[in-house]
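K.L.:
Pasting in a structure now, in structure tokens, and then I'll have a few things to ask.
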Amino acid sequence: MTHVAIVGAYGSAGVAVAGELADEPGVELTLIDDGDPGGGLCILRGCMPSKEVLSAGAHRFQARHDDRLAGDLPDVDLDAVVDTKDEHVAGFAEHRRAAVQDLAEREDVEFLRDTARFVDDRTLAVGDRTVDADYVVVATGSTVNVPDLPGIDEVDFRTSADVLDSRSFPDSALVMGFGYVGMELVPYVAEAGGTSLTVVEHDARPLDEADPAFGDTLADLYEEQFDVDILRHTHEQRLEPTDDGGVRLHVEREGDHEVHEADELFLFTGRRPNLDRLGLESTRLVPGEGWVHDTMQARDDDRVFVVGDANGKEPILHVAKEQGFQAAANILAHSRGDALEPYENVHHHVVFSGLGVYPYARVGHSKASAEAAGIDHVHVTREASDDGVFTTKDTPEGRASLVVDADDGTVLGYQGLHHHADVMAKTMQVVVELGLDVREVPDRAFHPTTPEILDGLFRDAAAQVRTNP
């Protein structure tokens, strides 16, 4: 029997590995998780609860933004938001726990509800048990990242996890962190909490993975629609409390020293791999840049596989699951002495910016990444306002772009920052991953529907491809 221990069995990556191996002949599984109540990061404190609270803010934003509505603007009932979120999350988590329990009832599968810690290479202390495994899968997810900034221990702050449980917000706040977490939660705090926000942005614009025009559009949207003050080209220097219980942040902004004060500090500074309690110092494993190969094997021990947020590669749910599937296949291959396959994926991200009313989606190449790869390409763009349907839905802001191969018309990438861009990401995933020729993609969305923005991109790109199919 090949014994595989999975640390972090409730999470999406761990469940994926377990599901693939549970019925494999000759495999003994030990599933380990100390989650309370258990259910995985995405369900408990990530993807699902964040979208739940964003939707409440979105309803108010659209009511505030629509001049066709009359009467007093309603407040967001934060107690109701949190209570409803908790109720729904409990149901989602119970479903995940039931799935793990079902796996645990299979032959040669055991579930240990306790904390695991390495005491040697591939040897784990789990409660009062010692588990010696042929392979160990680390799927412990991620934890909130608190930056090492002078004075941060002297001030109170709220993290993204705290915001999801917040039943009140301050009048003003400083925000550190404007990546995908900040882009999602900043407008929620502004809209649902009525908080005046000052956001630190290290670069010229947010949305690093996007072509510059998208980041500029998003920054303009936040400043104009949510009254957020974005401090561009700004870097935090130190923090200190104010005499009235607030927070003071010293920054360097384009070479000048500035001081900003507010009632509270929000840390939306992302997440980092959750490895602190694993006892890795008792193994040959040394986390850091490049410590996990694309096969999901640890660089320092080819019988340890690290999947999902724990490996620090790409903290995205579908990526975690796919890495889990690949790790399971590679564990079986390694045990047989066969060659292992690397995990590869097409870039596929969605950020629920603008309260999800104006989400950003990217599938495949951007213009910048195509140029960096040396691909001869056609790049076309379209404003949401070019299609009347967005105006009729009172969501006229935003833009989209398409990248195709200049010679054969293969669709290489799509970006959208506009209403329903998150929904269109799936359509564009199919188009990109199947390598469809833009000249053969139907350009006849039902009128008037928001996918007409794709039709415009298809037509414009097809007209610029050099040869006929």
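FYI, nothing fancy with the structure tokens labels: chains A, B, ... in order, residues from 1 per chain, ligands from 1 as they appear.
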Would you tabulate, counting only C-alpha atoms, all residues of segment 41-156 of chain A that have an atom at most 10 Å from an atom of segment 214-235 of chain A, showing the closest pair of atoms and their distance in Å to one decimal, sorted by chain then ascending number, as CSV?
P.N.:
residue,atom,partner,partner_atom,distance
A:Phe61,CA,A:Phe226,CA,8.7
A:Arg64,CA,A:Gln225,CA,9.9
A:His65,CA,A:Gln225,CA,8.3
K.L.:
Could you write out, as an NGL selection string, all the residues of segment 198-386 of chain A that DSSP marks as alpha helix (DSSP H)?
P.N.:
:A and (212-225 or 317-336 or 367-372)
K.L.:
At a cut-off of 9 Å, using only C-alpha atoms, what residues contact Pro187 of chain A? Leave out same-chain residues fewer than 3 positions from it and give the result as a PyMOL selection string.
P.N.:
chain A and resi 54+57+182-184+190-192+222+226+228+353-355
K.L.:
For His250 of chain A, work out the shell of residues within 10 Å, counting only C-alpha atoms and skipping chain neighbours fewer than 4 positions away, then give it as a list in words.
P.N.:
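After dropping sequence-adjacent residues, the list is His235, Glu236, Gln237, Arg238, Leu239, Glu240, His257, Glu258, Val259, His260 and Glu261 of chain A.
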K.L.:
Need to verify the contact set: Gln323 of chain A, 10 Å, only C-alpha atoms, exclusion of same-chain residues closer than 4 positions in sequence. Can you return it as a PyMOL selection string?
P.N.:
chain A and resi 12-14+16-17+294-296+305-308+317-319+327-329+342-345
K.L.:
One decimal, Å: what's the distance from atom CA of Val163 of chain A over to atom CA of Thr198 of chain A, could you say?
P.N.:
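Those two atoms sit 16.4 Å apart.
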K.L.:
Neighbours of Pro448 of chain A within 10 Å (only C-alpha atoms; same-chain residues fewer than 5 positions away dropped), as a ChimeraX atom specification?
P.N.:
/A:387-390,392
K.L.:
Could the residues in this selection be written to a file with all heavy atoms, as a PDB file, in the first residue's frame?
P.N.:
ATOM      1  N   ASP A 387     -21.848  50.166 -26.722  1.00  0.00           N
ATOM      2  CA  ASP A 387     -23.014  49.290 -26.855  1.00  0.00           C
ATOM      3  C   ASP A 387     -24.126  49.818 -25.966  1.00  0.00           C
ATOM      4  O   ASP A 387     -23.990  49.875 -24.745  1.00  0.00           O
ATOM      5  CB  ASP A 387     -22.648  47.849 -26.473  1.00  0.00           C
ATOM      6  CG  ASP A 387     -21.672  47.237 -27.468  1.00  0.00           C
ATOM      7  OD1 ASP A 387     -22.107  46.915 -28.584  1.00  0.00           O
ATOM      8  OD2 ASP A 387     -20.486  47.106 -27.133  1.00  0.00           O
ATOM      9  N   GLY A 388     -25.235  50.187 -26.579  1.00  0.00           N
ATOM     10  CA  GLY A 388     -26.317  50.842 -25.858  1.00  0.00           C
ATOM     11  C   GLY A 388     -26.887  50.056 -24.713  1.00  0.00           C
ATOM     12  O   GLY A 388     -27.453  50.630 -23.776  1.00  0.00           O
ATOM     13  N   VAL A 389     -26.729  48.727 -24.749  1.00  0.00           N
ATOM     14  CA  VAL A 389     -27.327  47.903 -23.701  1.00  0.00           C
ATOM     15  C   VAL A 389     -26.772  48.262 -22.325  1.00  0.00           C
ATOM     16  O   VAL A 389     -27.484  48.198 -21.319  1.00  0.00           O
ATOM     17  CB  VAL A 389     -27.124  46.402 -24.009  1.00  0.00           C
ATOM     18  CG1 VAL A 389     -25.649  46.024 -24.012  1.00  0.00           C
ATOM     19  CG2 VAL A 389     -27.876  45.537 -22.998  1.00  0.00           C
ATOM     20  N   PHE A 390     -25.506  48.663 -22.260  1.00  0.00           N
ATOM     21  CA  PHE A 390     -24.931  49.030 -20.970  1.00  0.00           C
ATOM     22  C   PHE A 390     -25.554  50.327 -20.441  1.00  0.00           C
ATOM     23  O   PHE A 390     -25.761  50.477 -19.237  1.00  0.00           O
ATOM     24  CB  PHE A 390     -23.407  49.166 -21.082  1.00  0.00           C
ATOM     25  CG  PHE A 390     -22.702  47.857 -21.301  1.00  0.00           C
ATOM     26  CD1 PHE A 390     -22.344  47.448 -22.570  1.00  0.00           C
ATOM     27  CD2 PHE A 390     -22.421  47.020 -20.233  1.00  0.00           C
ATOM     28  CE1 PHE A 390     -21.707  46.239 -22.781  1.00  0.00           C
ATOM     29  CE2 PHE A 390     -21.785  45.798 -20.426  1.00  0.00           C
ATOM     30  CZ  PHE A 390     -21.427  45.403 -21.711  1.00  0.00           C
ATOM     31  N   THR A 392     -28.634  51.256 -21.121  1.00  0.00           N
ATOM     32  CA  THR A 392     -30.001  50.933 -20.684  1.00  0.00           C
ATOM     33  C   THR A 392     -30.014  50.289 -19.311  1.00  0.00           C
ATOM     34  O   THR A 392     -31.007  50.392 -18.583  1.00  0.00           O
ATOM     35  CB  THR A 392     -30.696  49.991 -21.679  1.00  0.00           C
ATOM     36  OG1 THR A 392     -30.057  48.708 -21.676  1.00  0.00           O
ATOM     37  CG2 THR A 392     -30.676  50.559 -23.086  1.00  0.00           C
TER      38      THR A 392
END
K.L.:
Identify, on the basis of only C-alpha atoms, every residue whose closest approach to Leu73 of chain A does not exceed 10 Å; exclude the query and any residue fewer than 3 positions from it along the same chain; express the result as a list in words.
P.N.:
Arg60, Phe61, Ala63, Arg64, Leu69, Ala70 and Val76 of chain A
K.L.:
Pull all heavy atoms from the residues just selected and write them as a PDB file, in the first residue's frame.
P.N.:
ATOM      1  N   ARG A  60     -27.206  48.887  -2.932  1.00  0.00           N
ATOM      2  CA  ARG A  60     -27.286  50.289  -2.535  1.00  0.00           C
ATOM      3  C   ARG A  60     -26.613  51.186  -3.571  1.00  0.00           C
ATOM      4  O   ARG A  60     -27.129  52.273  -3.908  1.00  0.00           O
ATOM      5  CB  ARG A  60     -26.631  50.497  -1.166  1.00  0.00           C
ATOM      6  CG  ARG A  60     -26.825  51.925  -0.629  1.00  0.00           C
ATOM      7  CD  ARG A  60     -26.146  52.111   0.717  1.00  0.00           C
ATOM      8  NE  ARG A  60     -26.518  53.374   1.339  1.00  0.00           N
ATOM      9  CZ  ARG A  60     -25.927  54.550   1.083  1.00  0.00           C
ATOM     10  NH1 ARG A  60     -24.941  54.617   0.181  1.00  0.00           N
ATOM     11  NH2 ARG A  60     -26.325  55.646   1.702  1.00  0.00           N
ATOM     12  N   PHE A  61     -25.467  50.756  -4.082  1.00  0.00           N
ATOM     13  CA  PHE A  61     -24.768  51.554  -5.081  1.00  0.00           C
ATOM     14  C   PHE A  61     -25.651  51.789  -6.299  1.00  0.00           C
ATOM     15  O   PHE A  61     -25.752  52.911  -6.814  1.00  0.00           O
ATOM     16  CB  PHE A  61     -23.478  50.850  -5.502  1.00  0.00           C
ATOM     17  CG  PHE A  61     -22.844  51.433  -6.741  1.00  0.00           C
ATOM     18  CD1 PHE A  61     -22.226  52.667  -6.702  1.00  0.00           C
ATOM     19  CD2 PHE A  61     -22.870  50.742  -7.948  1.00  0.00           C
ATOM     20  CE1 PHE A  61     -21.645  53.215  -7.840  1.00  0.00           C
ATOM     21  CE2 PHE A  61     -22.308  51.279  -9.086  1.00  0.00           C
ATOM     22  CZ  PHE A  61     -21.688  52.514  -9.032  1.00  0.00           C
ATOM     23  N   ALA A  63     -28.894  51.673  -6.479  1.00  0.00           N
ATOM     24  CA  ALA A  63     -30.015  52.552  -6.121  1.00  0.00           C
ATOM     25  C   ALA A  63     -29.553  54.002  -6.038  1.00  0.00           C
ATOM     26  O   ALA A  63     -30.247  54.921  -6.503  1.00  0.00           O
ATOM     27  CB  ALA A  63     -30.618  52.107  -4.796  1.00  0.00           C
ATOM     28  N   ARG A  64     -28.371  54.215  -5.461  1.00  0.00           N
ATOM     29  CA  ARG A  64     -27.837  55.575  -5.336  1.00  0.00           C
ATOM     30  C   ARG A  64     -27.490  56.167  -6.694  1.00  0.00           C
ATOM     31  O   ARG A  64     -27.643  57.368  -6.935  1.00  0.00           O
ATOM     32  CB  ARG A  64     -26.595  55.550  -4.436  1.00  0.00           C
ATOM     33  CG  ARG A  64     -25.886  56.889  -4.322  1.00  0.00           C
ATOM     34  CD  ARG A  64     -24.786  56.844  -3.268  1.00  0.00           C
ATOM     35  NE  ARG A  64     -23.735  55.886  -3.554  1.00  0.00           N
ATOM     36  CZ  ARG A  64     -22.696  56.130  -4.360  1.00  0.00           C
ATOM     37  NH1 ARG A  64     -22.621  57.288  -5.008  1.00  0.00           N
ATOM     38  NH2 ARG A  64     -21.762  55.220  -4.538  1.00  0.00           N
ATOM     39  N   LEU A  69     -34.825  56.439  -9.763  1.00  0.00           N
ATOM     40  CA  LEU A  69     -35.436  56.026  -8.506  1.00  0.00           C
ATOM     41  C   LEU A  69     -35.664  57.248  -7.626  1.00  0.00           C
ATOM     42  O   LEU A  69     -34.838  58.164  -7.592  1.00  0.00           O
ATOM     43  CB  LEU A  69     -34.547  55.016  -7.779  1.00  0.00           C
ATOM     44  CG  LEU A  69     -34.211  53.731  -8.547  1.00  0.00           C
ATOM     45  CD1 LEU A  69     -33.347  52.816  -7.689  1.00  0.00           C
ATOM     46  CD2 LEU A  69     -35.462  53.007  -9.006  1.00  0.00           C
ATOM     47  N   ALA A  70     -36.777  57.243  -6.908  1.00  0.00           N
ATOM     48  CA  ALA A  70     -37.114  58.371  -6.035  1.00  0.00           C
ATOM     49  C   ALA A  70     -37.233  57.887  -4.592  1.00  0.00           C
ATOM     50  O   ALA A  70     -37.316  56.691  -4.324  1.00  0.00           O
ATOM     51  CB  ALA A  70     -38.428  59.010  -6.486  1.00  0.00           C
ATOM     52  N   VAL A  76     -27.545  50.220   4.292  1.00  0.00           N
ATOM     53  CA  VAL A  76     -27.265  48.787   4.347  1.00  0.00           C
ATOM     54  C   VAL A  76     -27.367  48.345   5.801  1.00  0.00           C
ATOM     55  O   VAL A  76     -26.689  48.898   6.675  1.00  0.00           O
ATOM     56  CB  VAL A  76     -25.871  48.468   3.780  1.00  0.00           C
ATOM     57  CG1 VAL A  76     -25.537  46.988   3.994  1.00  0.00           C
ATOM     58  CG2 VAL A  76     -25.805  48.822   2.301  1.00  0.00           C
TER      59      VAL A  76
END
K.L.:
Have a look at A:Gly38, A:Arg129, A:Arg205, A:Thr123 and name the one nearest to Ala90 of chain A; count only C-alpha atoms.
P.N.:
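The answer is A:Gly38, which sits nearest to Ala90 of chain A.
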K.L.:
Output as number ranges by chain all residues of segment 140-382 of chain A that backbone DSSP marks as strand (DSSP E).
P.N.:
A: 142-144, 158-159, 172-176, 196-200, 229-231, 234-241, 247-253, 256-262, 264-267, 271-273, 297-298, 301-306, 348-351, 360-364, 377-382
K.L.:
When you count only C-alpha atoms, which of these residues is closest to Ser401 of chain A: A:Ser385, A:Thr283, A:Ser366, A:Ser168?
P.N.:
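Of A:Ser385, A:Thr283, A:Ser366, A:Ser168, the one nearest Ser401 of chain A, counting only C-alpha atoms, is A:Ser366.
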